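*Asks:* Right, I'll just put the structure down here and ask away after.
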Amino acid sequence: MEDCLFCKIIAGEIPSTKVYEDEFVYAFKDINPLAPVHILVVPKNHISGADEINGENSAVVSKIFEAAAKIAKEQGIAEDGFRIVTNCGENSCQSVKHLHFHILGGKQLKADMG
Ligand code: 5GP
Ligand code: ZN
């Protein structure tokens, strides 16, 4: 999609530090990490957010979670534990309107997610 930051990253028009890629999914390091490991996993097809997941496009969500499990193991955070989170809409502070799942790990995360 035009003017979408993550579509441009997926297309290689904006540089990123790739950690994983397959036919459906792209994953890269967050530019402003909130934990020692902070990776964003996104569908290659543009979906604006979790509120736009439906019967037509939801298969990619399972691909994203398969990728996340692989990435967590590769990054060495699977054993100690990690968090997967997606923000949707204004109250959640979603800043990029292309569905993305944050993988956070490498430290003790706070229980309070509010
Ligand atoms: P959100 O706030 O929408 O849930 O998450 C967007 C994330 O994208 C933020 O954690 C932010 O640091 C990250 N981000 C924003 N712009 C860029 C960029 O150009 N490159 C990378 N790698 N991450 C970005
Ligand atoms: Zn996009």
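Lettering and numbering for the structure tokens are positional, with chains as A, B, ... in the shown order, residues counted from 1 in each chain, and ligands counted from 1 in the shown order.
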Would you name the residues within 8 Å of ligand 2, counting only C-alpha atoms and all ligand atoms, and put them as a JSON list (two decimals) with N, CA and C atoms, in the first residue's frame?

*Replies:*
```
[["chain", "number", "residue", "atom", "x", "y", "z"],
["A", 1, "MET", "N", 0.85, -1.21, 0.00],
["A", 1, "MET", "CA", 0.00, 0.00, 0.00],
["A", 1, "MET", "C", 0.89, 1.25, 0.00],
["A", 2, "GLU", "N", 0.50, 2.21, -0.79],
["A", 2, "GLU", "CA", 1.24, 3.46, -0.89],
["A", 2, "GLU", "C", 1.28, 4.17, 0.46],
["A", 3, "ASP", "N", 2.40, 4.78, 0.73],
["A", 3, "ASP", "CA", 2.53, 5.59, 1.95],
["A", 3, "ASP", "C", 2.38, 4.80, 3.24],
["A", 4, "CYS", "N", 2.62, 3.50, 3.19],
["A", 4, "CYS", "CA", 2.63, 2.70, 4.42],
["A", 4, "CYS", "C", 4.08, 2.36, 4.73],
["A", 5, "LEU", "N", 4.53, 2.78, 5.91],
["A", 5, "LEU", "CA", 5.92, 2.58, 6.31],
["A", 5, "LEU", "C", 6.32, 1.11, 6.25],
["A", 6, "PHE", "N", 5.48, 0.23, 6.78],
["A", 6, "PHE", "CA", 5.88, -1.18, 6.83],
["A", 6, "PHE", "C", 5.80, -1.83, 5.45],
["A", 7, "CYS", "N", 4.88, -1.40, 4.59],
["A", 7, "CYS", "CA", 4.89, -1.90, 3.21],
["A", 7, "CYS", "C", 6.21, -1.51, 2.53],
["A", 8, "LYS", "N", 6.69, -0.31, 2.81],
["A", 8, "LYS", "CA", 7.97, 0.15, 2.22],
["A", 8, "LYS", "C", 9.14, -0.67, 2.77],
["A", 44, "LYS", "N", 3.03, -9.78, 4.89],
["A", 44, "LYS", "CA", 3.50, -9.08, 3.69],
["A", 44, "LYS", "C", 2.36, -8.33, 3.00],
["A", 45, "ASN", "N", 1.15, -8.88, 3.09],
["A", 45, "ASN", "CA", -0.01, -8.16, 2.55],
["A", 45, "ASN", "C", -0.45, -7.11, 3.55],
["A", 46, "HIS", "N", -0.83, -5.96, 3.04],
["A", 46, "HIS", "CA", -1.24, -4.88, 3.93],
["A", 46, "HIS", "C", -2.59, -5.19, 4.59],
["A", 47, "ILE", "N", -2.56, -5.21, 5.92],
["A", 47, "ILE", "CA", -3.78, -5.26, 6.75],
["A", 47, "ILE", "C", -3.57, -4.13, 7.76],
["A", 48, "SER", "N", -4.54, -3.26, 7.93],
["A", 48, "SER", "CA", -4.26, -2.04, 8.70],
["A", 48, "SER", "C", -4.14, -2.29, 10.20],
["A", 97, "LYS", "N", -0.08, 1.94, 10.88],
["A", 97, "LYS", "CA", -1.35, 1.30, 10.52],
["A", 97, "LYS", "C", -1.15, 0.16, 9.53],
["A", 98, "HIS", "N", -0.22, -0.73, 9.86],
["A", 98, "HIS", "CA", -0.02, -2.00, 9.15],
["A", 98, "HIS", "C", 0.12, -3.03, 10.26],
["A", 99, "LEU", "N", -0.76, -4.01, 10.28],
["A", 99, "LEU", "CA", -0.78, -5.01, 11.36],
["A", 99, "LEU", "C", 0.63, -5.48, 11.70]]
```

*Asks:* Residues within 10 Å of ligand 1 (only C-alpha atoms and all ligand atoms), as a ChimeraX atom specification?

*Replies:* /A:5-6,8-9,14-18,27-34,38-40,49,85-90,92-102

*Asks:* Per residue of range 15-44 of chain A within 7 Å of range 55-77 of chain A, which atom pair is closest and at what distance in Å (one decimal), using only C-alpha atoms, listed by chain and increasing number, as JSON lines?

*Replies:*
```
{"residue": "A:Phe24", "atom": "CA", "partner": "A:Val60", "partner_atom": "CA", "distance": 6.6}
{"residue": "A:Val25", "atom": "CA", "partner": "A:Ile64", "partner_atom": "CA", "distance": 6.2}
{"residue": "A:Val41", "atom": "CA", "partner": "A:Ile64", "partner_atom": "CA", "distance": 6.6}
{"residue": "A:Pro43", "atom": "CA", "partner": "A:Val60", "partner_atom": "CA", "distance": 6.5}
```

*Asks:* For Leu104 in chain A, which residue among A:Ile53, A:Val42, A:Ala35, A:Ala78 is the nearest when counting only C-alpha atoms?

*Replies:*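 Selected residue with least distance to Leu104 in chain A: A:Ala35.
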